[in-house]
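Colleague: I'm passing along model05.tsv; it holds TSV, C-alpha atoms and all ligand atoms.
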chain	number	residue	atom	x	y	z
A	1	VAL	CA	237.61	202.39	47.62
A	2	ARG	CA	237.02	206.15	47.66
A	3	ILE	CA	238.01	207.56	51.04
A	4	GLY	CA	237.39	211.02	52.46
A	5	VAL	CA	239.98	212.19	54.98
A	6	LEU	CA	238.79	215.10	57.09
A	7	GLY	CA	241.92	216.82	58.38
A	8	THR	CA	245.08	218.34	57.00
A	9	GLY	CA	247.34	217.82	60.02
A	10	THR	CA	250.02	215.17	60.47
A	11	VAL	CA	247.42	212.44	60.92
A	12	GLY	CA	245.32	213.39	57.90
A	13	ARG	CA	248.33	213.60	55.65
A	14	THR	CA	249.98	210.43	56.98
A	15	LEU	CA	246.79	208.39	56.59
A	16	ALA	CA	246.00	209.89	53.18
A	17	GLU	CA	249.47	209.06	51.89
A	18	LYS	CA	249.23	205.47	53.11
A	19	LEU	CA	245.71	205.04	51.73
A	20	VAL	CA	246.85	206.09	48.27
A	21	GLU	CA	249.87	203.78	48.58
A	22	VAL	CA	247.60	200.79	49.28
A	23	GLY	CA	245.41	201.61	46.31
A	24	HIS	CA	242.58	203.90	47.38
A	25	GLU	CA	241.36	207.16	45.93
A	26	VAL	CA	241.51	209.84	48.60
A	27	ARG	CA	240.06	213.31	48.94
A	28	MET	CA	241.37	215.40	51.83
A	29	GLY	CA	239.02	217.92	53.41
A	30	SER	CA	239.70	221.16	55.21
A	31	ARG	CA	237.74	224.21	56.42
A	32	GLU	CA	238.60	225.85	53.12
A	33	ALA	CA	239.42	224.27	49.78
A	34	GLY	CA	242.98	224.99	48.72
A	35	ASN	CA	244.45	224.52	52.22
A	36	GLU	CA	248.22	224.66	51.84
A	37	ASN	CA	248.92	221.27	53.48
A	38	ALA	CA	246.14	219.60	51.53
A	39	ALA	CA	247.23	221.06	48.20
A	40	GLU	CA	250.84	220.01	48.81
A	41	TRP	CA	249.72	216.48	49.71
A	42	ALA	CA	247.39	216.25	46.69
A	43	ALA	CA	250.11	217.40	44.31
A	44	ALA	CA	252.45	214.71	45.63
A	45	ALA	CA	249.73	212.05	45.60
A	46	GLY	CA	249.03	212.37	41.89
A	47	GLU	CA	245.84	211.12	40.26
A	48	ALA	CA	244.53	209.23	43.26
A	49	GLY	CA	244.62	212.28	45.51
A	50	SER	CA	242.47	215.38	45.57
A	51	GLU	CA	241.45	218.01	48.09
A	52	GLY	CA	238.54	220.27	48.92
A	53	THR	CA	236.29	221.29	51.80
A	54	PHE	CA	235.18	218.96	54.59
A	55	ALA	CA	231.89	218.66	52.66
A	56	ASP	CA	233.69	217.76	49.41
A	57	ALA	CA	235.71	215.04	51.12
A	58	ALA	CA	232.74	213.57	52.98
A	59	GLU	CA	230.64	213.45	49.84
A	60	PHE	CA	233.49	211.82	47.90
A	61	GLY	CA	234.26	209.11	50.44
A	62	GLU	CA	232.51	205.78	50.62
A	63	LEU	CA	234.35	205.61	53.93
A	64	VAL	CA	235.25	208.77	55.86
A	65	ILE	CA	238.01	209.37	58.41
A	66	ASN	CA	237.77	212.06	61.07
A	67	ALA	CA	241.32	213.35	61.60
A	68	THR	CA	240.42	216.80	62.87
A	69	ALA	CA	241.37	218.44	66.18
A	70	GLY	CA	239.15	216.75	68.78
A	71	GLY	CA	237.78	219.99	70.20
A	72	ALA	CA	236.65	220.99	66.71
A	73	SER	CA	235.56	217.59	65.38
A	74	LEU	CA	231.81	218.06	65.87
A	75	GLU	CA	232.00	221.40	64.08
A	76	ALA	CA	234.10	219.92	61.27
A	77	LEU	CA	231.66	217.01	60.90
A	78	ARG	CA	228.69	219.39	60.82
A	79	ALA	CA	230.47	221.21	58.00
A	80	ALA	CA	231.04	217.84	56.31
A	81	GLY	CA	227.28	217.33	56.46
A	82	ALA	CA	225.10	214.68	58.10
A	83	GLU	CA	223.66	213.66	54.74
A	84	SER	CA	227.08	212.83	53.31
A	85	LEU	CA	227.98	210.79	56.40
A	86	GLY	CA	224.75	208.81	56.58
A	87	GLY	CA	225.18	205.06	56.15
A	88	LYS	CA	228.96	205.39	55.83
A	89	VAL	CA	231.70	204.01	58.03
A	90	LEU	CA	233.19	206.97	59.89
A	91	VAL	CA	236.58	206.15	61.40
A	92	ASP	CA	237.20	208.49	64.31
A	93	VAL	CA	240.90	208.88	65.12
A	94	ALA	CA	240.52	212.15	67.02
A	95	ASN	CA	241.36	212.76	70.66
A	96	PRO	CA	239.42	215.39	72.61
A	97	LEU	CA	242.50	217.27	73.78
A	98	ASP	CA	242.33	220.85	75.03
A	99	PHE	CA	245.70	222.62	74.82
A	100	SER	CA	244.31	226.04	75.74
A	101	ASP	CA	246.01	225.99	79.17
A	102	GLY	CA	249.26	224.63	77.72
A	103	MET	CA	250.83	221.23	78.42
A	104	PRO	CA	249.71	218.74	79.44
A	105	PRO	CA	246.38	219.04	77.67
A	106	THR	CA	243.13	218.19	79.43
A	107	LEU	CA	240.26	216.18	77.93
A	108	THR	CA	237.24	218.16	76.74
A	109	VAL	CA	235.02	215.17	77.52
A	110	SER	CA	235.68	212.16	79.75
A	111	ASN	CA	234.47	209.72	82.34
A	112	ASP	CA	230.82	209.10	81.46
A	113	ASP	CA	231.04	210.34	77.86
A	114	SER	CA	233.53	210.52	74.99
A	115	LEU	CA	234.11	212.24	71.68
A	116	GLY	CA	233.36	208.98	69.88
A	117	GLU	CA	229.94	208.79	71.55
A	118	GLN	CA	229.23	212.48	70.94
A	119	ILE	CA	229.97	211.97	67.26
A	120	GLN	CA	227.77	208.86	67.06
A	121	GLU	CA	224.97	210.70	68.85
A	122	ALA	CA	225.24	213.80	66.65
A	123	PHE	CA	225.36	211.68	63.47
A	124	PRO	CA	223.13	208.68	64.24
A	125	GLU	CA	223.14	207.49	60.63
A	126	ALA	CA	226.95	207.32	60.48
A	127	ARG	CA	228.60	204.03	61.45
A	128	VAL	CA	231.25	205.38	63.83
A	129	VAL	CA	234.30	203.24	64.56
A	130	LYS	CA	236.87	204.62	67.00
A	131	ALA	CA	240.34	203.42	66.05
A	132	LEU	CA	244.01	204.42	65.81
A	133	ASN	CA	243.71	207.25	68.38
A	134	THR	CA	246.03	205.46	70.82
A	135	VAL	CA	249.12	205.59	68.60
A	136	ASN	CA	251.22	208.26	66.94
A	137	ALA	CA	250.55	208.98	63.27
A	138	ALA	CA	253.73	207.25	62.07
A	139	VAL	CA	252.85	204.11	64.06
A	140	MET	CA	249.29	204.10	62.63
A	141	VAL	CA	250.57	203.31	59.16
A	142	ALA	CA	253.75	201.39	60.02
A	143	PRO	CA	253.14	199.20	63.07
A	144	GLY	CA	255.85	196.85	61.78
A	145	ALA	CA	258.49	199.52	62.41
A	146	LEU	CA	258.17	198.81	66.15
A	147	ASP	CA	260.41	196.03	67.52
A	148	GLU	CA	257.49	193.74	68.35
A	149	SER	CA	253.87	193.43	67.32
A	150	THR	CA	251.58	195.60	69.46
A	151	ASN	CA	247.87	196.05	70.07
A	152	LEU	CA	245.30	198.39	68.68
A	153	PHE	CA	241.71	198.97	69.82
A	154	VAL	CA	238.52	199.36	67.85
A	155	CYS	CA	235.03	200.04	69.14
A	156	GLY	CA	231.70	200.97	67.65
A	157	ASN	CA	228.06	199.96	67.56
A	158	ASP	CA	228.14	198.43	64.06
A	159	ARG	CA	229.87	195.06	63.84
A	160	ALA	CA	230.15	195.07	60.05
A	161	ALA	CA	231.66	198.56	60.12
A	162	LYS	CA	234.28	197.38	62.61
A	163	GLY	CA	235.05	194.44	60.36
A	164	GLN	CA	235.59	196.77	57.43
A	165	VAL	CA	237.92	198.97	59.50
A	166	ILE	CA	239.90	195.95	60.71
A	167	GLU	CA	240.40	194.88	57.08
A	168	LEU	CA	241.65	198.37	56.24
A	169	LEU	CA	244.01	198.32	59.25
A	170	GLU	CA	245.43	195.01	58.06
A	171	THR	CA	246.50	196.73	54.85
A	172	PHE	CA	248.47	199.16	57.04
A	173	GLY	CA	250.34	196.20	58.56
A	174	TRP	CA	248.27	195.59	61.70
A	175	LEU	CA	247.67	191.91	62.46
A	176	SER	CA	243.96	191.16	62.91
A	177	GLY	CA	244.78	189.07	66.00
A	178	ASP	CA	246.37	192.15	67.57
A	179	ILE	CA	243.30	194.32	67.09
A	180	LEU	CA	241.10	194.19	70.18
A	181	ASP	CA	237.39	194.87	69.63
A	182	LEU	CA	236.31	196.53	72.88
A	183	GLY	CA	232.62	196.55	72.04
A	184	ASP	CA	230.23	199.43	71.49
A	185	ILE	CA	231.22	203.06	71.01
A	186	SER	CA	231.16	203.82	74.74
A	187	ALA	CA	234.53	202.03	74.89
A	188	ALA	CA	235.88	205.23	73.34
A	189	ARG	CA	235.83	206.63	76.90
A	190	GLY	CA	238.69	204.35	77.82
A	191	THR	CA	240.73	204.72	74.66
A	192	GLU	CA	240.44	208.51	74.85
A	193	MET	CA	241.17	208.67	78.60
A	194	TYR	CA	244.34	206.66	77.83
A	195	LEU	CA	245.81	209.84	76.34
A	196	PRO	CA	247.13	211.30	79.62
A	197	LEU	CA	249.01	208.02	80.16
A	198	TRP	CA	250.17	207.97	76.53
A	199	LEU	CA	251.58	211.50	76.93
A	200	ARG	CA	253.46	210.52	80.10
A	201	MET	CA	254.89	207.44	78.39
A	202	MET	CA	256.03	209.60	75.50
A	203	GLY	CA	257.88	211.76	78.02
A	204	ALA	CA	259.42	208.80	79.82
A	205	LEU	CA	260.44	207.07	76.58
A	206	GLU	CA	261.51	210.33	74.92
A	207	THR	CA	259.79	209.35	71.67
A	208	PRO	CA	256.23	209.13	70.31
A	209	GLN	CA	257.19	205.98	68.37
A	210	PHE	CA	255.92	203.34	70.78
A	211	ASN	CA	252.86	201.28	71.54
A	212	ILE	CA	251.62	198.82	74.12
A	213	ARG	CA	251.22	195.07	74.02
A	214	VAL	CA	248.52	193.38	76.09
A	215	VAL	CA	249.46	190.02	77.59
A	216	ARG	CA	246.77	187.70	78.89
A	217	GLY	CA	246.77	184.56	80.98
A	218	GLU	CA	244.59	181.52	80.41
A	301	LIG	N1	249.36	213.66	65.87
A	301	LIG	C1	249.24	212.38	66.14
A	301	LIG	O1	250.19	211.61	66.00
A	301	LIG	C2	247.91	211.85	66.62
A	301	LIG	C3	247.80	210.52	67.02
A	301	LIG	C4	246.55	210.01	67.39
A	301	LIG	C5	245.43	210.81	67.32
A	301	LIG	N2	245.57	212.12	66.93
A	301	LIG	C6	244.36	212.94	66.82
A	301	LIG	O2	244.09	213.09	65.42
A	301	LIG	C7	243.51	214.36	65.18
A	301	LIG	C8	244.34	215.11	64.15
A	301	LIG	O3	245.59	215.41	64.70
A	301	LIG	P1	246.72	216.22	63.88
A	301	LIG	O4	247.88	216.30	64.77
A	301	LIG	O5	246.88	215.62	62.54
A	301	LIG	O6	246.09	217.64	63.59
A	301	LIG	P2	245.32	218.75	64.45
A	301	LIG	O7	246.12	219.97	64.42
A	301	LIG	O8	244.90	218.21	65.78
A	301	LIG	O9	243.98	218.94	63.57
A	301	LIG	C9	244.06	219.57	62.32
A	301	LIG	C10	242.72	219.58	61.65
A	301	LIG	O10	241.70	220.09	62.54
A	301	LIG	C11	240.97	221.08	61.82
A	301	LIG	N3	240.48	222.12	62.73
A	301	LIG	C12	241.17	222.80	63.68
A	301	LIG	N4	240.38	223.72	64.27
A	301	LIG	C13	239.17	223.64	63.67
A	301	LIG	C14	237.94	224.32	63.83
A	301	LIG	N5	237.79	225.29	64.73
A	301	LIG	N6	236.89	223.94	63.05
A	301	LIG	C15	237.02	222.97	62.14
A	301	LIG	N7	238.17	222.28	61.93
A	301	LIG	C16	239.23	222.61	62.69
A	301	LIG	C17	241.96	221.68	60.86
A	301	LIG	O11	241.25	222.29	59.79
A	301	LIG	P3	242.00	223.02	58.57
A	301	LIG	O12	242.38	221.91	57.63
A	301	LIG	O13	240.98	223.92	58.02
A	301	LIG	O14	243.18	223.73	59.16
A	301	LIG	C18	242.77	220.48	60.44
A	301	LIG	O15	242.18	219.83	59.34
A	301	LIG	C19	243.42	215.07	66.53
A	301	LIG	O16	242.15	214.87	67.06
A	301	LIG	C20	244.48	214.35	67.35
A	301	LIG	O17	244.19	214.40	68.75
A	301	LIG	C21	246.77	212.64	66.60
Would you put the structure from the file into structure tokens?

Modeller:
Amino acid sequence: VRIGVLGTGTVGRTLAEKLVEVGHEVRMGSREAGNENAAEWAAAAGEAGSEGTFADAAEFGELVINATAGGASLEALRAAGAESLGGKVLVDVANPLDFSDGMPPTLTVSNDDSLGEQIQEAFPEARVVKALNTVNAAVMVAPGALDESTNLFVCGNDRAAKGQVIELLETFGWLSGDILDLGDISAARGTEMYLPLWLRMMGALETPQFNIRVVRGE
């Protein structure tokens, strides 16, 4: 599958590397073509990797991943272009974190709205699936490196799109039984508002390499 990865940060590069490893063709997008991180990644990726603008990557991808800074995601997606996103699965891994007042960050949207919903509303033709935002980049692509199997959340309005994303996540090593479908895209409120707790756990555990496991009774 051809995949467009919007974002040149740790997440964009980690996902892009894994996607090439599992057999996809990937184009990484940035505000400007020739971004240093993107060019370095593309050179290492070989034939299956390329880079360009957000618009180039979105046009290229049959599936598109939003791995841009949450506060800038709507702007980045507008640059990617609504037409290129229409009808496509758009995996949103971004968290709406505002670091402008230092640590800890605050959320730019919360409570009765979320970045996932804002993206779905701004791009009604895109099939937005919120996923992977509750784990560190390294854990996203190597869940098996943790001592036990852990849980991941997906949500979105399009059932088939979620199914496609779950299949992709399985190729990263996630077990389908460990992926909890929380329902429509408004569930992104909860998975984004989990970030303050995630940050505190990172502090308490002194590592970002962790995840949670949900245990249910009968
Ligand atoms: N780091 C993690 O482990 C982790 C885990 C879960 C979720 N997330 C979320 O994943 C996303 C990516 O995180 P990251 O740490 O890889 O990188 P990041 O620094 O949060 O984001 C980098 C990307 O955002 C773009 N960007 C920044 N400001 C912009 C603006 N004003 N307009 C348009 N685009 C802009 C950058 O564009 P250029 O390429 O042009 O510089 C770059 O591609 C974030 O939303 C983050 O909260 C991160």

Colleague: Might you pull out every residue within 10 Å of Ala126 (chain A), with all atoms listed in the file counted and same-chain residues fewer than 2 positions away left off, and present them as a PDB file with C-alpha atoms, in the coordinates of the input?

Modeller:
ATOM      1  CA  VAL A  64     235.250 208.770  55.860  1.00  0.00           C
ATOM      2  CA  ALA A  82     225.100 214.680  58.100  1.00  0.00           C
ATOM      3  CA  GLU A  83     223.660 213.660  54.740  1.00  0.00           C
ATOM      4  CA  SER A  84     227.080 212.830  53.310  1.00  0.00           C
ATOM      5  CA  LEU A  85     227.980 210.790  56.400  1.00  0.00           C
ATOM      6  CA  GLY A  86     224.750 208.810  56.580  1.00  0.00           C
ATOM      7  CA  GLY A  87     225.180 205.060  56.150  1.00  0.00           C
ATOM      8  CA  LYS A  88     228.960 205.390  55.830  1.00  0.00           C
ATOM      9  CA  VAL A  89     231.700 204.010  58.030  1.00  0.00           C
ATOM     10  CA  LEU A  90     233.190 206.970  59.890  1.00  0.00           C
ATOM     11  CA  VAL A  91     236.580 206.150  61.400  1.00  0.00           C
ATOM     12  CA  ILE A 119     229.970 211.970  67.260  1.00  0.00           C
ATOM     13  CA  GLN A 120     227.770 208.860  67.060  1.00  0.00           C
ATOM     14  CA  GLU A 121     224.970 210.700  68.850  1.00  0.00           C
ATOM     15  CA  ALA A 122     225.240 213.800  66.650  1.00  0.00           C
ATOM     16  CA  PHE A 123     225.360 211.680  63.470  1.00  0.00           C
ATOM     17  CA  PRO A 124     223.130 208.680  64.240  1.00  0.00           C
ATOM     18  CA  VAL A 128     231.250 205.380  63.830  1.00  0.00           C
ATOM     19  CA  VAL A 129     234.300 203.240  64.560  1.00  0.00           C
ATOM     20  CA  ASP A 158     228.140 198.430  64.060  1.00  0.00           C
ATOM     21  CA  ALA A 161     231.660 198.560  60.120  1.00  0.00           C
TER      22      ALA A 161
END

Colleague: Between CA of Val165 (chain A) and CA of Gly29 (chain A), measure the distance and give it in Å to one decimal.

Modeller: 19.9 Å

Colleague: Quote the spacing between CA of Ser186 (chain A) and CA of Ile212 (chain A) in Å to one decimal place.

Modeller: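 Value for the CA of Ser186 (chain A)-CA of Ile212 (chain A) distance: 21.1 Å.
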
Colleague: Report as a Markdown table the residues of chain A within 7 Å of ligand LIG 301 (chain A), each with its shortest atom pair and distance in Å (one decimal), using all atoms listed in the file, ordered by chain and increasing residue number.

Modeller:
| residue | atom | partner | partner_atom | distance |
| --- | --- | --- | --- | --- |
| A:Leu6 | CA | A:LIG301 | O15 | 6.2 |
| A:Gly7 | CA | A:LIG301 | O15 | 3.2 |
| A:Thr8 | CA | A:LIG301 | O15 | 4.0 |
| A:Gly9 | CA | A:LIG301 | O5 | 3.4 |
| A:Thr10 | CA | A:LIG301 | O5 | 3.8 |
| A:Val11 | CA | A:LIG301 | O5 | 3.6 |
| A:Gly12 | CA | A:LIG301 | O5 | 5.4 |
| A:Gly29 | CA | A:LIG301 | O12 | 6.7 |
| A:Ser30 | CA | A:LIG301 | O12 | 3.7 |
| A:Arg31 | CA | A:LIG301 | O13 | 3.6 |
| A:Glu32 | CA | A:LIG301 | O13 | 5.8 |
| A:Asn35 | CA | A:LIG301 | O12 | 6.4 |
| A:Ala67 | CA | A:LIG301 | C7 | 4.3 |
| A:Thr68 | CA | A:LIG301 | O10 | 3.5 |
| A:Ala69 | CA | A:LIG301 | O8 | 3.6 |
| A:Gly70 | CA | A:LIG301 | O16 | 3.9 |
| A:Ala72 | CA | A:LIG301 | C14 | 4.6 |
| A:Ser73 | CA | A:LIG301 | N7 | 6.4 |
| A:Glu75 | CA | A:LIG301 | N6 | 5.6 |
| A:Ala76 | CA | A:LIG301 | C15 | 4.3 |
| A:Val93 | CA | A:LIG301 | O2 | 5.3 |
| A:Ala94 | CA | A:LIG301 | O16 | 3.2 |
| A:Asn95 | CA | A:LIG301 | O17 | 3.8 |
| A:Pro96 | CA | A:LIG301 | O16 | 6.2 |
| A:Leu97 | CA | A:LIG301 | O17 | 6.0 |
| A:Leu132 | CA | A:LIG301 | C4 | 6.3 |
| A:Asn133 | CA | A:LIG301 | C4 | 4.1 |
| A:Thr134 | CA | A:LIG301 | C4 | 5.7 |
| A:Val135 | CA | A:LIG301 | C4 | 5.3 |
| A:Asn136 | CA | A:LIG301 | O1 | 3.6 |
| A:Ala137 | CA | A:LIG301 | O1 | 3.8 |
| A:Ala138 | CA | A:LIG301 | O1 | 6.9 |

Colleague: Would you mind telling me which residue in A:Ile65, A:Leu19, A:Met103, A:Leu115 lies nearest to Gly203 (chain A) when using all atoms listed in the file?

Modeller: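 Among the listed residues, the smallest separation from Gly203 (chain A) belongs to A:Met103.
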
Colleague: Rounded to one decimal place, report the CA of Val139 (chain A)-CA of Gln209 (chain A) distance in Å.

Modeller: 6.4 Å

Colleague: Quick one: residues within 6 Å of region 179-185 of chain A, all atoms listed in the file, excluding same-chain residues fewer than 4 positions away - as number ranges by chain?

Modeller: A: 117, 151-157
